[in-house]
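Chemist: My structure file query-v6.cif, mmCIF, C-alpha atoms and all ligand atoms, is below:
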data_work
#
loop_
_atom_site.group_PDB
_atom_site.id
_atom_site.type_symbol
_atom_site.label_atom_id
_atom_site.label_comp_id
_atom_site.auth_asym_id
_atom_site.auth_seq_id
_atom_site.Cartn_x
_atom_site.Cartn_y
_atom_site.Cartn_z
ATOM 1 C CA MET A 1 9.221 -1.548 -16.908
ATOM 2 C CA ALA A 2 8.764 2.094 -17.780
ATOM 3 C CA ARG A 3 5.569 3.695 -16.597
ATOM 4 C CA THR A 4 3.261 5.090 -19.225
ATOM 5 C CA ILE A 5 1.893 8.622 -19.062
ATOM 6 C CA LEU A 6 -0.957 9.769 -21.291
ATOM 7 C CA VAL A 7 -0.539 13.448 -22.190
ATOM 8 C CA VAL A 8 -3.831 15.088 -23.194
ATOM 9 C CA GLU A 9 -3.299 18.593 -24.516
ATOM 10 C CA ASP A 10 -4.712 20.260 -27.628
ATOM 11 C CA GLU A 11 -1.903 22.786 -28.003
ATOM 12 C CA PRO A 12 0.623 20.861 -30.167
ATOM 13 C CA THR A 13 3.750 22.707 -29.035
ATOM 14 C CA LEU A 14 2.988 22.236 -25.356
ATOM 15 C CA ARG A 15 1.999 18.614 -25.940
ATOM 16 C CA GLU A 16 5.292 17.888 -27.726
ATOM 17 C CA THR A 17 7.278 19.703 -25.055
ATOM 18 C CA LEU A 18 5.606 17.664 -22.329
ATOM 19 C CA ALA A 19 6.086 14.425 -24.252
ATOM 20 C CA GLU A 20 9.793 15.110 -24.785
ATOM 21 C CA ALA A 21 10.384 16.104 -21.171
ATOM 22 C CA LEU A 22 8.572 13.061 -19.787
ATOM 23 C CA SER A 23 10.372 10.743 -22.203
ATOM 24 C CA ALA A 24 13.660 12.239 -21.061
ATOM 25 C CA ASP A 25 12.545 11.434 -17.483
ATOM 26 C CA GLY A 26 12.270 7.769 -18.511
ATOM 27 C CA PHE A 27 8.514 7.503 -18.985
ATOM 28 C CA ARG A 28 6.770 5.964 -21.946
ATOM 29 C CA VAL A 29 4.518 8.677 -23.365
ATOM 30 C CA THR A 30 1.302 8.392 -25.303
ATOM 31 C CA GLN A 31 -0.587 11.466 -26.540
ATOM 32 C CA ALA A 32 -4.017 12.789 -27.405
ATOM 33 C CA GLY A 33 -5.058 16.208 -28.741
ATOM 34 C CA ASP A 34 -8.738 16.207 -27.835
ATOM 35 C CA GLY A 35 -11.112 14.703 -25.297
ATOM 36 C CA ARG A 36 -12.452 11.940 -27.497
ATOM 37 C CA ALA A 37 -8.991 10.799 -28.552
ATOM 38 C CA ALA A 38 -7.993 10.910 -24.891
ATOM 39 C CA LEU A 39 -10.592 8.283 -23.997
ATOM 40 C CA GLU A 40 -9.524 6.114 -26.940
ATOM 41 C CA ARG A 41 -5.868 6.293 -25.943
ATOM 42 C CA PHE A 42 -6.739 5.733 -22.280
ATOM 43 C CA ARG A 43 -8.607 2.530 -23.071
ATOM 44 C CA ALA A 44 -6.009 1.321 -25.589
ATOM 45 C CA ASP A 45 -2.804 2.140 -23.681
ATOM 46 C CA ALA A 46 -3.826 1.643 -20.007
ATOM 47 C CA PRO A 47 -1.508 4.461 -18.824
ATOM 48 C CA ASP A 48 -0.183 4.644 -15.250
ATOM 49 C CA LEU A 49 -0.984 8.365 -15.046
ATOM 50 C CA VAL A 50 -3.007 10.860 -17.097
ATOM 51 C CA LEU A 51 -1.917 14.449 -17.599
ATOM 52 C CA LEU A 52 -5.159 16.139 -18.576
ATOM 53 C CA ASP A 53 -5.665 19.636 -19.949
ATOM 54 C CA LEU A 54 -8.885 21.228 -18.739
ATOM 55 C CA MET A 55 -9.834 23.132 -21.899
ATOM 56 C CA LEU A 56 -10.074 20.626 -24.753
ATOM 57 C CA PRO A 57 -12.031 20.301 -27.991
ATOM 58 C CA GLU A 58 -14.640 17.536 -28.412
ATOM 59 C CA LEU A 59 -14.956 16.615 -24.729
ATOM 60 C CA SER A 60 -13.721 18.956 -21.993
ATOM 61 C CA GLY A 61 -11.060 17.853 -19.551
ATOM 62 C CA ILE A 62 -13.712 17.779 -16.842
ATOM 63 C CA GLU A 63 -15.872 15.367 -18.833
ATOM 64 C CA VAL A 64 -12.846 13.213 -19.671
ATOM 65 C CA CYS A 65 -11.854 13.177 -15.984
ATOM 66 C CA ARG A 66 -15.349 12.105 -14.949
ATOM 67 C CA ILE A 67 -15.474 9.288 -17.508
ATOM 68 C CA ILE A 68 -11.971 7.982 -16.730
ATOM 69 C CA ARG A 69 -12.658 8.110 -13.004
ATOM 70 C CA ALA A 70 -15.801 6.037 -13.463
ATOM 71 C CA GLU A 71 -13.647 3.353 -15.110
ATOM 72 C CA SER A 72 -10.360 3.538 -13.232
ATOM 73 C CA ALA A 73 -8.450 4.766 -10.186
ATOM 74 C CA VAL A 74 -5.511 5.858 -12.393
ATOM 75 C CA PRO A 75 -3.862 9.040 -11.070
ATOM 76 C CA ILE A 76 -5.013 12.142 -12.973
ATOM 77 C CA VAL A 77 -3.162 15.471 -12.945
ATOM 78 C CA MET A 78 -5.185 18.353 -14.379
ATOM 79 C CA LEU A 79 -3.540 21.154 -16.316
ATOM 80 C CA THR A 80 -5.544 24.301 -15.779
ATOM 81 C CA ALA A 81 -4.943 27.573 -17.569
ATOM 82 C CA ARG A 82 -7.384 29.634 -15.606
ATOM 83 C CA GLY A 83 -6.129 28.835 -12.161
ATOM 84 C CA SER A 84 -9.402 29.747 -10.540
ATOM 85 C CA GLU A 85 -10.296 28.083 -7.273
ATOM 86 C CA VAL A 86 -13.524 26.837 -8.857
ATOM 87 C CA ASP A 87 -11.680 24.839 -11.526
ATOM 88 C CA LYS A 88 -9.405 23.307 -8.944
ATOM 89 C CA ILE A 89 -12.246 22.295 -6.664
ATOM 90 C CA VAL A 90 -14.263 20.927 -9.573
ATOM 91 C CA GLY A 91 -11.255 18.943 -10.791
ATOM 92 C CA LEU A 92 -10.624 17.508 -7.349
ATOM 93 C CA GLU A 93 -14.304 16.793 -6.840
ATOM 94 C CA LEU A 94 -14.282 14.750 -10.032
ATOM 95 C CA GLY A 95 -11.418 12.712 -8.666
ATOM 96 C CA ALA A 96 -8.319 14.369 -10.106
ATOM 97 C CA ASP A 97 -5.338 13.676 -7.857
ATOM 98 C CA ASP A 98 -3.557 16.950 -8.400
ATOM 99 C CA TYR A 99 -3.472 19.930 -10.707
ATOM 100 C CA VAL A 100 -0.900 22.371 -12.001
ATOM 101 C CA THR A 101 -1.707 25.864 -13.190
ATOM 102 C CA LYS A 102 -0.309 27.074 -16.493
ATOM 103 C CA PRO A 103 2.260 28.363 -16.958
ATOM 104 C CA PHE A 104 4.113 25.739 -14.903
ATOM 105 C CA SER A 105 7.722 24.646 -14.920
ATOM 106 C CA LEU A 106 8.561 21.184 -16.199
ATOM 107 C CA ARG A 107 10.547 20.689 -13.021
ATOM 108 C CA GLU A 108 7.465 21.358 -10.867
ATOM 109 C CA LEU A 109 5.317 19.055 -12.972
ATOM 110 C CA SER A 110 7.942 16.322 -12.850
ATOM 111 C CA ALA A 111 8.126 16.641 -9.039
ATOM 112 C CA ARG A 112 4.344 16.298 -8.743
ATOM 113 C CA ILE A 113 4.323 13.208 -10.936
ATOM 114 C CA ARG A 114 7.145 11.571 -8.986
ATOM 115 C CA ALA A 115 5.320 12.347 -5.718
ATOM 116 C CA ILE A 116 2.188 10.614 -6.969
ATOM 117 C CA PHE A 117 4.101 7.488 -7.995
ATOM 118 C CA ARG A 118 6.029 7.521 -4.702
ATOM 119 C CA ARG A 119 2.803 7.644 -2.674
ATOM 120 C CA ALA A 120 1.344 4.813 -4.728
ATOM 121 C CA GLU A 121 4.423 2.711 -3.937
ATOM 122 C CA GLN A 122 4.216 3.558 -0.237
ATOM 123 C CA VAL A 123 0.586 2.504 -0.085
ATOM 124 C CA ALA A 124 1.504 -0.761 -1.819
ATOM 125 C CA SER A 125 4.437 -1.523 0.479
ATOM 126 C CA THR A 126 3.244 -0.273 3.863
ATOM 127 C CA GLY A 127 3.457 -2.844 6.604
ATOM 128 C CA GLY A 128 1.152 -2.988 9.598
ATOM 129 C CA PRO A 129 -2.444 -4.044 9.740
ATOM 130 C CA SER A 130 -4.094 -3.824 6.390
ATOM 131 C CA ILE A 131 -7.671 -3.520 7.666
ATOM 132 C CA VAL A 132 -8.485 -0.938 10.326
ATOM 133 C CA ASP A 133 -11.817 -0.968 12.119
ATOM 134 C CA LEU A 134 -13.459 2.361 12.982
ATOM 135 C CA GLY A 135 -16.658 0.976 14.422
ATOM 136 C CA GLY A 136 -19.130 0.690 11.576
ATOM 137 C CA VAL A 137 -16.424 1.578 9.067
ATOM 138 C CA GLN A 138 -13.630 -0.763 7.949
ATOM 139 C CA VAL A 139 -10.709 0.693 6.036
ATOM 140 C CA ASP A 140 -8.784 -1.788 3.883
ATOM 141 C CA LEU A 141 -5.516 0.057 3.326
ATOM 142 C CA ALA A 142 -3.901 -2.502 1.039
ATOM 143 C CA GLY A 143 -7.039 -3.175 -0.930
ATOM 144 C CA HIS A 144 -7.957 0.512 -1.244
ATOM 145 C CA ARG A 145 -11.506 -0.228 -0.101
ATOM 146 C CA VAL A 146 -13.808 1.146 2.557
ATOM 147 C CA LEU A 147 -16.768 -0.734 3.989
ATOM 148 C CA LYS A 148 -19.546 1.011 5.863
ATOM 149 C CA ASP A 149 -22.021 -1.228 7.668
ATOM 150 C CA GLY A 150 -20.658 -4.097 5.596
ATOM 151 C CA HIS A 151 -21.137 -2.414 2.220
ATOM 152 C CA GLU A 152 -18.330 -1.057 0.093
ATOM 153 C CA ILE A 153 -18.515 2.703 -0.374
ATOM 154 C CA GLN A 154 -16.814 4.679 -3.133
ATOM 155 C CA LEU A 155 -14.405 7.434 -2.137
ATOM 156 C CA LYS A 156 -12.627 9.791 -4.473
ATOM 157 C CA PRO A 157 -8.929 8.805 -4.629
ATOM 158 C CA LYS A 158 -7.719 11.804 -2.656
ATOM 159 C CA VAL A 159 -10.425 11.333 -0.024
ATOM 160 C CA PHE A 160 -9.233 7.750 0.399
ATOM 161 C CA GLU A 161 -5.627 8.916 0.746
ATOM 162 C CA LEU A 162 -6.711 11.446 3.371
ATOM 163 C CA LEU A 163 -8.572 8.725 5.268
ATOM 164 C CA ALA A 164 -5.588 6.359 4.952
ATOM 165 C CA PHE A 165 -3.262 9.013 6.354
ATOM 166 C CA LEU A 166 -5.623 9.750 9.277
ATOM 167 C CA VAL A 167 -5.929 6.026 9.982
ATOM 168 C CA ARG A 168 -2.129 5.753 10.177
ATOM 169 C CA HIS A 169 -2.036 8.679 12.633
ATOM 170 C CA PRO A 170 -4.967 8.056 14.972
ATOM 171 C CA ARG A 171 -5.586 10.448 17.897
ATOM 172 C CA GLN A 172 -2.900 12.756 16.528
ATOM 173 C CA VAL A 173 -4.005 16.346 15.899
ATOM 174 C CA LEU A 174 -2.926 17.230 12.359
ATOM 175 C CA THR A 175 -2.793 20.751 10.997
ATOM 176 C CA ARG A 176 -4.139 21.539 7.547
ATOM 177 C CA ASP A 177 -0.588 22.271 6.400
ATOM 178 C CA GLN A 178 0.614 18.884 7.653
ATOM 179 C CA LEU A 179 -2.210 17.199 5.784
ATOM 180 C CA LEU A 180 -1.470 19.189 2.624
ATOM 181 C CA GLU A 181 2.185 18.248 2.769
ATOM 182 C CA SER A 182 1.594 14.602 3.547
ATOM 183 C CA VAL A 183 -1.441 13.809 1.458
ATOM 184 C CA TRP A 184 -1.062 16.295 -1.382
ATOM 185 C CA ALA A 185 2.720 16.605 -1.178
ATOM 186 C CA TYR A 186 2.531 20.325 -1.724
ATOM 187 C CA ASP A 187 5.767 21.985 -0.878
ATOM 188 C CA TYR A 188 4.143 25.251 0.026
ATOM 189 C CA ALA A 189 1.593 26.445 2.550
ATOM 190 C CA GLY A 190 -1.813 27.602 1.415
ATOM 191 C CA GLU A 191 -4.746 26.011 -0.403
ATOM 192 C CA THR A 192 -5.883 24.745 2.981
ATOM 193 C CA ARG A 193 -9.465 24.973 1.772
ATOM 194 C CA THR A 194 -8.670 21.863 -0.286
ATOM 195 C CA VAL A 195 -8.206 20.001 3.006
ATOM 196 C CA ASP A 196 -11.506 21.269 4.391
ATOM 197 C CA VAL A 197 -13.378 20.264 1.236
ATOM 198 C CA HIS A 198 -11.955 16.738 1.360
ATOM 199 C CA VAL A 199 -12.686 16.401 5.091
ATOM 200 C CA HIS A 200 -16.261 17.423 4.288
ATOM 201 C CA TRP A 201 -16.525 14.671 1.634
ATOM 202 C CA LEU A 202 -14.920 12.149 3.951
ATOM 203 C CA ARG A 203 -17.366 12.918 6.741
ATOM 204 C CA SER A 204 -20.323 12.698 4.367
ATOM 205 C CA ALA A 205 -19.130 9.219 3.428
ATOM 206 C CA ILE A 206 -18.164 7.679 6.764
ATOM 207 C CA GLU A 207 -19.691 9.602 9.678
ATOM 208 C CA PRO A 208 -22.906 8.228 11.231
ATOM 209 C CA ASP A 209 -24.128 11.856 11.354
ATOM 210 C CA PRO A 210 -21.934 14.100 9.167
ATOM 211 C CA ALA A 211 -23.368 17.210 10.831
ATOM 212 C CA ARG A 212 -22.022 15.972 14.188
ATOM 213 C CA PRO A 213 -18.777 14.245 13.281
ATOM 214 C CA VAL A 214 -17.337 11.860 15.855
ATOM 215 C CA LEU A 215 -14.627 10.076 13.824
ATOM 216 C CA VAL A 216 -12.952 13.042 12.137
ATOM 217 C CA GLN A 217 -13.157 15.892 14.612
ATOM 218 C CA THR A 218 -12.289 19.535 14.070
ATOM 219 C CA ILE A 219 -9.816 21.076 16.467
ATOM 220 C CA ARG A 220 -10.654 24.748 16.217
ATOM 221 C CA GLY A 221 -7.815 26.901 15.000
ATOM 222 C CA VAL A 222 -5.565 23.884 14.526
ATOM 223 C CA GLY A 223 -6.828 21.165 12.210
ATOM 224 C CA TYR A 224 -8.309 17.698 12.448
ATOM 225 C CA VAL A 225 -7.957 14.505 14.452
ATOM 226 C CA LEU A 226 -9.201 10.983 13.836
ATOM 227 C CA ARG A 227 -10.728 9.491 16.954
ATOM 228 C CA PRO A 228 -11.417 5.796 16.472
ATOM 229 C CA PRO A 229 -14.049 4.454 18.870
ATOM 230 C CA ALA A 230 -12.463 2.933 22.017
HETATM 231 CA CA CA B 1 -6.317 23.475 -24.021
#
The structure given in the file should be rewritten as structure tokens.
Modeler:
Amino acid sequence: MARTILVVEDEPTLRETLAEALSADGFRVTQAGDGRAALERFRADAPDLVLLDLMLPELSGIEVCRIIRAESAVPIVMLTARGSEVDKIVGLELGADDYVTKPFSLRELSARIRAIFRRAEQVASTGGPSIVDLGGVQVDLAGHRVLKDGHEIQLKPKVFELLAFLVRHPRQVLTRDQLLESVWAYDYAGETRTVDVHVHWLRSAIEPDPARPVLVQTIRGVGYVLRPPA
């Protein structure tokens, strides 16, 4: 069954272009031209991915992202015109899975979307133990849940993917670029601050004392390593 992508963009020409390109890629496409309509379409069409412009009438893309994320773990790709680091960090903080900066090529966007669906399939089909114990923290890889001291904690989708990747590579020192490539599927170096920000959120969520991390340790000048308790 074709996957459905909700395209939220107030600029009609760009919206139509995106819709045509994604349809040609074999996706079912549903569209909205403002933030309020986006929420209506989201709830009515249950899309498999949301392509979300940042600057929108009615409700901003950031507000729409926050509301959708409170209701669903659906992948969200933000379209940002400004390309400032602040927008990107804010979008990721609100739980967007990825972002592309306008102007972008349809080929690049299509590659990002395919990468997101591919990762979702990998998570669904990965063998091995589904629940990994990190002391007071249990990571349920198949169920996409994390328990801390027996209580479920909420992680932003990308923070969970980072944790899941670390859990699959315990005691292995990973560079920021490796993490970017594996977790974010970026095909270029750079934006390593994104990794640091997500490690910070992860530590705040799972470390007994986030100021003195013991699970996710920094290897100065290199990157990070997950050290499960012996
Ligand atoms: Ca716009």
Chemist: What residues have any atom no more than 9 Å from ligand CA 1 (chain B) when counting only C-alpha atoms and all ligand atoms, and can you list them as a list in words?
Modeler: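 Those within range of ligand CA 1 (chain B) are Val8, Glu9, Asp10, Glu11, Gly33, Asp34, Asp53, Leu54, Met55, Leu56, Pro57, Ser60, Gly61, Leu79, Thr80 and Ala81 of chain A.
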Chemist: Tell me which protein, DNA and RNA residues are within 12 Å of Ser72 of chain A, counting only C-alpha atoms, leaving out same-chain ones fewer than 3 positions away, and put them as number ranges by chain.
Modeler: A: 39, 42-43, 46-50, 64-69, 75-76, 95-96, 156-157
Chemist: Would you write out those residues with C-alpha atoms, as a tab-separated table (two decimals), in the coordinates of the input?
Modeler:
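Result went into selection-v5.tsv, see below:
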chain	number	residue	atom	x	y	z
A	39	LEU	CA	-10.59	8.28	-24.00
A	42	PHE	CA	-6.74	5.73	-22.28
A	43	ARG	CA	-8.61	2.53	-23.07
A	46	ALA	CA	-3.83	1.64	-20.01
A	47	PRO	CA	-1.51	4.46	-18.82
A	48	ASP	CA	-0.18	4.64	-15.25
A	49	LEU	CA	-0.98	8.36	-15.05
A	50	VAL	CA	-3.01	10.86	-17.10
A	64	VAL	CA	-12.85	13.21	-19.67
A	65	CYS	CA	-11.85	13.18	-15.98
A	66	ARG	CA	-15.35	12.10	-14.95
A	67	ILE	CA	-15.47	9.29	-17.51
A	68	ILE	CA	-11.97	7.98	-16.73
A	69	ARG	CA	-12.66	8.11	-13.00
A	75	PRO	CA	-3.86	9.04	-11.07
A	76	ILE	CA	-5.01	12.14	-12.97
A	95	GLY	CA	-11.42	12.71	-8.67
A	96	ALA	CA	-8.32	14.37	-10.11
A	156	LYS	CA	-12.63	9.79	-4.47
A	157	PRO	CA	-8.93	8.80	-4.63
Chemist: What would the selection look like, as a ChimeraX atom specification, if the PyMOL selection byres (((chain A and resi 196) around 12) and not hetatm) were run on the coordinates I just shared?
Modeler: /A:89,159,162,175-177,179-180,190-195,197-203,216-218,223-224
Chemist: Extending 6 Å beyond the listed atoms of segment 57-67 of chain A on each side, what axis-aligned box results? I want centre and edge lengths in Å to one decimal, as lines of an AutoDock Vina configuration file.
Modeler:
center_x = -13.5
center_y = 14.8
center_z = -21.7
size_x = 16.8
size_y = 23.0
size_z = 25.5
Chemist: In the coordinates of the file, take the point (-5.7, 10.8, 13.6) and a cut-off of 9 Å; then, counting all atoms listed in the file, name each qualifying protein, DNA or RNA residue as a ChimeraX atom specification.
Modeler: /A:165-174,215-216,224-228
Chemist: Point out the residue among A:Ser130, A:Ala73, A:Thr101, A:Arg212 with the least atom-to-atom distance to Gln154 of chain A, counting only C-alpha atoms.
Modeler: A:Ala73
Chemist: Considering only C-alpha atoms, can you say which of A:Glu63, A:Asp209, A:Glu40, A:Asp140 comes closest to Glu152 of chain A?
Modeler: A:Asp140
Chemist: As an exercise, work out the distance from atom CA of Leu6 of chain A to atom CA of Ala32 of chain A in Å and give it to one decimal place.
Modeler: 7.5 Å
